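**Student:** Take a look at this one; I'll ask things after.
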Amino acid sequence: MTPTSAASPPAHASGWSREPTQSPRSKSEAGVIRRARIGDAVLGWACRLSAALIALMLVSLIAVLVHSAWPAMREFGVGFLISSEWRANEIERPVRDAAGQLMLRDGEAVMEILPPAFGALPVIWGTAVSSFLALVIAVPISLSAAVFLVRVAPRLRIAGAASFLIEFLAAVPSLAFGVWALFVLAPLFQKYVGPWLHRIFEPIPGLRWMFYESVTVAGRTIERPIPLTGRDLFTGSLILAIMILPIVTSVSRDVLRAVPRTQIEGTLALGATWWQSCVAMLRYGRSGLLGAIMLGLARAAGETMAVTMVIGNNNQISPSPFAPAQTMASLLANEFAEATEGLHRASLLYVALILLTMSLMFNVVARRLVVGRIASSGSH
Amino acid sequence: MRQRLNGTLASLAVLTIGCGAFGGEVRLSGAGATFPAPLYTRWVSEYEKGHPSVRIDYRSIGSGGGVKAIADKTVAFGATDAPLSEKEIAAMGGTDSVVQFPAALGAVVPAYNLPGVDKPLQFTGAVLVDIYLGRISSWDDPKLQKLNPDAKLPKTPITPVFRTDGSGTTHVFTSYLGTQSSEFKGEIGVGKQVKWPLGQGGKGNEGVAAAIQQTLGAIGYIEHNYAIANKIAFGAMQNKAGKFVLASPESVSAAGDATSSELKGNVLRADAWNAPGDDAYPISAFTYIVMYKQLENINSEAEAAALLGYQRWTLGPGQKFSAQMHYAPLGEKVQAAALAALGAVTHKGKAIPVQP
């Protein structure tokens, strides 16, 4: 009695549910397949469209930039890349002859008007030098950290935690780095590091250029000491180095992880020391590591906010790392919002176009190196 | 007496606008200069208290943006620190279709970071030029010491700080230095953004102020109200009469009054820097409002009346808020010239009923 009553509800439930569903399904099987095919097609096209949209965004970005930068491209041409003048205002001044005497006409000085002039060399210089210095600082640390993550950390069972921490650094917004650099790094440099460097290096002959700048106004050149403010090319490079550490480290780690185990064991079997086997591993992955460095370079060249806060923002070319400088990205951050005059705006967009082209090139090269490497070692 | 009259007229204005807009709200928009934005925001909130049916929205997008917005007719009024150029006036249809008048005065101050120097330092234009051209590179320079015999100036290097973005502040500062040194005018020039030969750049008042506060021995030019609000030390300037004057609502108003005779017609402009007079602060400037003379950018009559009512109010009762916000109020002559310019405004040729 109890078994029947216990068994009947499920039997009823299953009979109730099975009967109406089974017969329509067999009848409209073709319809279901057709519907599924339509769904496949829709999804397929949606995916294609999304992919195309992303490509379209890049293409339209370049198109818009070229279009808006066109007035400056026409005006300055390729000379824009090597001109170091960046002046948004007109200057009205008396004409001087070769001897430096004022030219007079009817007892009054003859005036000339210098139109605004724009050239990108100072910001290209600033970007190149700050990115290079950042790499010089970051790459040795990144590579060492990557070797640690691949060869040492697994043995200590902290590979996961260490990787997480390094990747977490990549998630910190760049503004946070900037604020930290401005309020911690710059004052530290101004109060302690700067004076200390000055005391040690200034007396060394041949290093004077590091601590003095020459200013030329109206044909007269003055040499003056550079105030060590902590907001200069050096601090800018330092913060860049910290910001590219995570990407260079994590990509290097992936590249080194893809080095075949047999390769490493082979070196050890041949009697290599631990150090020598690490060198061999780095050498094996060198093109992938170069790609990781290129990715870091692309990031460094495009970084904006943090650099703007500590680089000093002066469009000048100074050999000294302690002089204020300007990068392409920081120039845009500084001037774009208030640049209403046509040629000025176009010149800024020209700079943006150069920056975009450069980053694109770095990224393409880096991808080829990294992806090619990981894929080929994976198939080993 | 005058206050009560204004009150009566104000309530009348509310009634009139209320009727004109069929009992609804009248919305007006303005855009432009960031420098007077705190004052304009205060004006709007004070005016809306007395005129609940009027809603005014001021966006501080920069002088250049304000001029562009009014030229594009996307706003009821524009605001700019630098008066319209001839080209900009032409783009708006020529002198006959534009009204420009000063709304307030502001000052730019030489702010510095020198702990231990308590009394405001004294500067001349020539000394500032020397600092910005790199000829004075230490605070104990004899030229500075001579101007400040009582101050104990340290041997700290000077870090000049400038604005990197185009701004009215730079325009006023370079215009003033241009009057002090022909070399400065011929080499650096005058403008909203110039090429400085050395020093640190900062974006906006806040960028310059941060650089000053962070750097021992820095000097920079920032707006007076910004220096006060952020408690940054600033110096006194020697004016045309040879007196050393600190920026204050009174000294800046005095500079405006001294140049009021230049304010003529419906496109008013006067350069208030390097103004004569014992009390005038030399790095002062007007900030302007720009409108269309026939208000062809305004649709309804009610909106035109509200716009004119608001602008008249800012030139009259509104002026008392200027000093509270550390701007300088317009003197009587300047007010009269501005109100006369406003008197020329019509709505597409039709007279607009006068409201306070």
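Going by the structure tokens order, chains are called A, B, ..., each with residues numbered from 1, while ligands are numbered from 1 in the order shown.
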Could you give me, as a tab-separated table, every chain B residue with an atom at most 10 Å from chain A, plus its closest atom pair and distance in Å to one decimal, counting only C-alpha atoms, rows ordered by chain then number?

**Tutor:**
residue	atom	partner	partner_atom	distance
B:Ile61	CA	A:Glu338	CA	8.6
B:Gly62	CA	A:Glu338	CA	6.7
B:Ser63	CA	A:Glu338	CA	8.2
B:Gly64	CA	A:Thr340	CA	5.9
B:Gly65	CA	A:Thr340	CA	7.2
B:Val67	CA	A:Thr340	CA	9.7
B:Lys68	CA	A:Thr340	CA	8.4
B:Leu133	CA	A:Val217	CA	7.0
B:Gly134	CA	A:Val215	CA	6.8
B:Arg135	CA	A:Ile222	CA	7.2
B:Ile136	CA	A:Arg224	CA	9.0
B:Ser137	CA	A:Arg224	CA	6.8
B:Ser138	CA	A:Pro225	CA	9.4
B:Thr156	CA	A:Pro227	CA	8.8
B:Pro157	CA	A:Pro227	CA	5.9
B:Ile158	CA	A:Pro227	CA	7.0
B:Thr159	CA	A:Pro227	CA	6.2
B:Pro160	CA	A:Pro227	CA	9.6
B:Val161	CA	A:Gly312	CA	9.3
B:Phe162	CA	A:Asn314	CA	9.2
B:Arg163	CA	A:Asn334	CA	9.0
B:Thr164	CA	A:Asn334	CA	5.9
B:Asp165	CA	A:Glu335	CA	4.7
B:Gly166	CA	A:Glu338	CA	5.3
B:Ser167	CA	A:Glu338	CA	7.4
B:Ser182	CA	A:Arg93	CA	8.4
B:Glu183	CA	A:Ala218	CA	7.4
B:Phe184	CA	A:Val217	CA	9.0
B:Lys185	CA	A:Arg93	CA	7.2
B:Gly186	CA	A:Arg93	CA	4.5
B:Glu187	CA	A:Ala218	CA	6.5
B:Ile188	CA	A:Ile91	CA	7.2
B:Gly189	CA	A:Ile91	CA	5.0
B:Val190	CA	A:Asn89	CA	6.9
B:Gly191	CA	A:Asn89	CA	5.5
B:Lys192	CA	A:Asn89	CA	7.4
B:Gln193	CA	A:Ala88	CA	6.0
B:Val194	CA	A:Asn89	CA	5.7
B:Lys195	CA	A:Arg87	CA	5.2
B:Trp196	CA	A:Asn314	CA	8.0
B:Pro197	CA	A:Val215	CA	6.6
B:Leu198	CA	A:Val215	CA	7.1
B:Gly199	CA	A:Asn314	CA	7.0
B:Gln200	CA	A:Gly312	CA	5.0
B:Gly201	CA	A:Asn313	CA	4.7
B:Gly202	CA	A:Asn313	CA	6.8
B:Lys203	CA	A:Asn334	CA	5.7
B:Gly204	CA	A:Asn334	CA	8.7
B:Gly207	CA	A:Met309	CA	8.4
B:Ala210	CA	A:Leu182	CA	9.2
B:Ala211	CA	A:Arg231	CA	8.6
B:Gln214	CA	A:Pro187	CA	7.1
B:Thr215	CA	A:Thr229	CA	6.0
B:Leu216	CA	A:Thr229	CA	7.9
B:Gly217	CA	A:Pro227	CA	8.9
B:Ala218	CA	A:Thr229	CA	9.0

**Student:** I'd like the contact shell of Ile354 of chain A - 10 Å cut-off, only C-alpha atoms, skipping same-chain residues fewer than 4 positions apart - returned as a list in words.

**Tutor:**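 Residues near the query, excluding close chain neighbours: Leu65, Leu81, Ala120, Ile124, Met328, Leu348, Leu349, Tyr350, Met358, Ser359 and Leu360 of chain A.
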
**Student:** What parts of segment 63-272 of chain B does DSSP call alpha helix (DSSP H)? I'd like the answer as a PyMOL selection string.

**Tutor:** chain B and resi 63-71+86-91+125-132+142-147+168-180+182-187+204-214+224-229+249-258

**Student:** Please identify the strand (DSSP E) residues within segment 45-273 of chain B (assignment by DSSP from backbone atoms) and present them as number ranges by chain.

**Tutor:** B: 54-60, 77-80, 98-112, 122-123, 159-163, 200-202, 218-223, 236-238, 244-245

**Student:** Just the residues within 8 Å of His224 of chain B, please, counting only C-alpha atoms, with nothing from its chain fewer than 3 positions along; format it as a PyMOL selection string.

**Tutor:** chain B and resi 106-109+227-228+247+326-327

**Student:** Export, as an mmCIF file, in the first residue's frame, the selected residues with C-alpha atoms.

**Tutor:**
data_model
loop_
_atom_site.group_PDB
_atom_site.id
_atom_site.type_symbol
_atom_site.label_atom_id
_atom_site.label_comp_id
_atom_site.auth_asym_id
_atom_site.auth_seq_id
_atom_site.Cartn_x
_atom_site.Cartn_y
_atom_site.Cartn_z
ATOM 1 C CA GLY B 106 40.602 89.226 -11.521
ATOM 2 C CA ALA B 107 44.253 89.342 -10.637
ATOM 3 C CA VAL B 108 47.245 87.117 -11.193
ATOM 4 C CA VAL B 109 49.736 86.873 -8.346
ATOM 5 C CA ALA B 227 46.159 81.465 -4.027
ATOM 6 C CA ILE B 228 43.853 82.615 -1.212
ATOM 7 C CA ALA B 247 46.312 92.037 -4.918
ATOM 8 C CA HIS B 326 38.014 87.155 -3.985
ATOM 9 C CA TYR B 327 37.298 88.696 -7.338
#

**Student:** If you count only C-alpha atoms, which residues fall within 10 Å of Gly265 of chain B, apart from same-chain ones fewer than 3 positions away, as number ranges by chain?

**Tutor:** B: 95-96, 99-101, 262, 268-269, 337-338, 340-341, 344

**Student:** What gap, in Å, lies between atom CA of Ile232 of chain B and atom CA of Glu206 of chain B?

**Tutor:**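 Distance reported for this atom pair: 11.6 Å.
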
**Student:** If you measure from atom CA of Pro329 of chain B to atom CA of Val129 of chain B, what distance in Å do you get, rounded to one decimal?

**Tutor:**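 According to the coordinates, atom CA of Pro329 of chain B and atom CA of Val129 of chain B are separated by 29.0 Å.
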
**Student:** Rounded to one decimal place, report the atom CA of Ser248 of chain B-atom CA of Ser260 of chain B distance in Å.

**Tutor:**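 Atom CA of Ser260 of chain B lies at a distance of 18.5 Å from atom CA of Ser248 of chain B.
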
**Student:** Tell me which protein, DNA and RNA residues are within 10 Å of Ala270 of chain B, counting only C-alpha atoms, leaving out same-chain ones fewer than 3 positions away, and put them as a ChimeraX atom specification.

**Tutor:** /B:83,101-102,256,258-264,273,285-286

**Student:** Just N, CA and C atoms for this one: save the residues we selected as an mmCIF file, in the first residue's frame.

**Tutor:**
data_model
loop_
_atom_site.group_PDB
_atom_site.id
_atom_site.type_symbol
_atom_site.label_atom_id
_atom_site.label_comp_id
_atom_site.auth_asym_id
_atom_site.auth_seq_id
_atom_site.Cartn_x
_atom_site.Cartn_y
_atom_site.Cartn_z
ATOM 1 N N PRO B 83 39.487 89.410 -24.397
ATOM 2 C CA PRO B 83 38.422 89.970 -25.235
ATOM 3 C C PRO B 83 38.449 89.349 -26.633
ATOM 4 N N PHE B 101 30.937 92.815 -22.713
ATOM 5 C CA PHE B 101 31.121 93.736 -21.582
ATOM 6 C C PHE B 101 31.820 93.007 -20.440
ATOM 7 N N PRO B 102 32.565 93.757 -19.592
ATOM 8 C CA PRO B 102 33.228 93.113 -18.457
ATOM 9 C C PRO B 102 32.221 92.750 -17.374
ATOM 10 N N GLY B 256 40.922 98.556 -12.682
ATOM 11 C CA GLY B 256 39.841 98.583 -13.660
ATOM 12 C C GLY B 256 39.332 99.990 -13.881
ATOM 13 N N ALA B 258 40.906 102.735 -13.528
ATOM 14 C CA ALA B 258 41.881 103.584 -14.202
ATOM 15 C C ALA B 258 41.823 103.434 -15.709
ATOM 16 N N THR B 259 41.269 102.307 -16.188
ATOM 17 C CA THR B 259 41.231 102.095 -17.636
ATOM 18 C C THR B 259 39.806 102.221 -18.185
ATOM 19 N N SER B 260 38.867 102.713 -17.356
ATOM 20 C CA SER B 260 37.459 102.713 -17.768
ATOM 21 C C SER B 260 37.197 103.611 -18.972
ATOM 22 N N SER B 261 38.092 104.589 -19.217
ATOM 23 C CA SER B 261 37.842 105.494 -20.346
ATOM 24 C C SER B 261 37.997 104.757 -21.683
ATOM 25 N N GLU B 262 38.655 103.577 -21.654
ATOM 26 C CA GLU B 262 38.809 102.805 -22.893
ATOM 27 C C GLU B 262 37.524 102.073 -23.263
ATOM 28 N N LEU B 263 36.576 101.977 -22.305
ATOM 29 C CA LEU B 263 35.370 101.175 -22.537
ATOM 30 C C LEU B 263 34.344 101.994 -23.300
ATOM 31 N N LYS B 264 34.214 101.734 -24.595
ATOM 32 C CA LYS B 264 33.286 102.513 -25.420
ATOM 33 C C LYS B 264 32.517 101.588 -26.347
ATOM 34 N N TRP B 273 45.893 95.691 -17.205
ATOM 35 C CA TRP B 273 47.228 95.470 -16.630
ATOM 36 C C TRP B 273 48.089 96.720 -16.768
ATOM 37 N N ALA B 285 42.999 92.117 -14.680
ATOM 38 C CA ALA B 285 42.352 92.040 -15.986
ATOM 39 C C ALA B 285 40.855 91.890 -15.829
ATOM 40 N N PHE B 286 40.124 92.383 -16.834
ATOM 41 C CA PHE B 286 38.685 92.159 -16.884
ATOM 42 C C PHE B 286 38.418 90.761 -17.403
#

**Student:** Which polymer residues have any atom within 10 Å of an atom of Gly288 of chain A, counting only C-alpha atoms, with same-chain residues fewer than 2 positions away left out, as a list of chain:residue names?

**Tutor:**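 Within the cut-off, the hits are A:Val251, A:Ser252, A:Asp254, A:Val255, A:Leu256, A:Ala258, A:Leu282, A:Arg283, A:Tyr284, A:Gly285, A:Arg286, A:Leu290, A:Gly291, A:Ala292, A:Ile293, A:Met294, A:Ala366, A:Arg367, A:Arg368, A:Leu369, A:Val370, A:Val371, A:Gly372, A:Arg373, A:Ile374.
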
**Student:** Could you give me, as a PDB file with N, CA and C atoms, in the first residue's frame, the residues within 10 Å of Phe76 of chain A, counting only C-alpha atoms and dropping anything in the same chain fewer than 6 positions from it?

**Tutor:**
ATOM      1  N   TRP A  70      45.515  66.882 -40.851  1.00  0.00           N
ATOM      2  CA  TRP A  70      45.931  67.241 -42.196  1.00  0.00           C
ATOM      3  C   TRP A  70      46.479  68.663 -42.326  1.00  0.00           C
ATOM      4  N   SER A  83      61.673  69.357 -36.148  1.00  0.00           N
ATOM      5  CA  SER A  83      61.665  70.744 -35.689  1.00  0.00           C
ATOM      6  C   SER A  83      61.447  70.780 -34.186  1.00  0.00           C
ATOM      7  N   ALA A 117      54.595  78.283 -34.393  1.00  0.00           N
ATOM      8  CA  ALA A 117      55.384  77.224 -35.028  1.00  0.00           C
ATOM      9  C   ALA A 117      55.273  75.967 -34.181  1.00  0.00           C
ATOM     10  N   PHE A 118      55.192  74.834 -34.868  1.00  0.00           N
ATOM     11  CA  PHE A 118      55.059  73.577 -34.134  1.00  0.00           C
ATOM     12  C   PHE A 118      56.014  72.526 -34.676  1.00  0.00           C
ATOM     13  N   GLY A 119      56.682  71.849 -33.774  1.00  0.00           N
ATOM     14  CA  GLY A 119      57.585  70.767 -34.153  1.00  0.00           C
ATOM     15  C   GLY A 119      57.579  69.732 -33.048  1.00  0.00           C
ATOM     16  N   SER A 347      48.283  70.271 -35.041  1.00  0.00           N
ATOM     17  CA  SER A 347      49.631  69.804 -34.701  1.00  0.00           C
ATOM     18  C   SER A 347      49.578  68.785 -33.560  1.00  0.00           C
TER      19      SER A 347
END
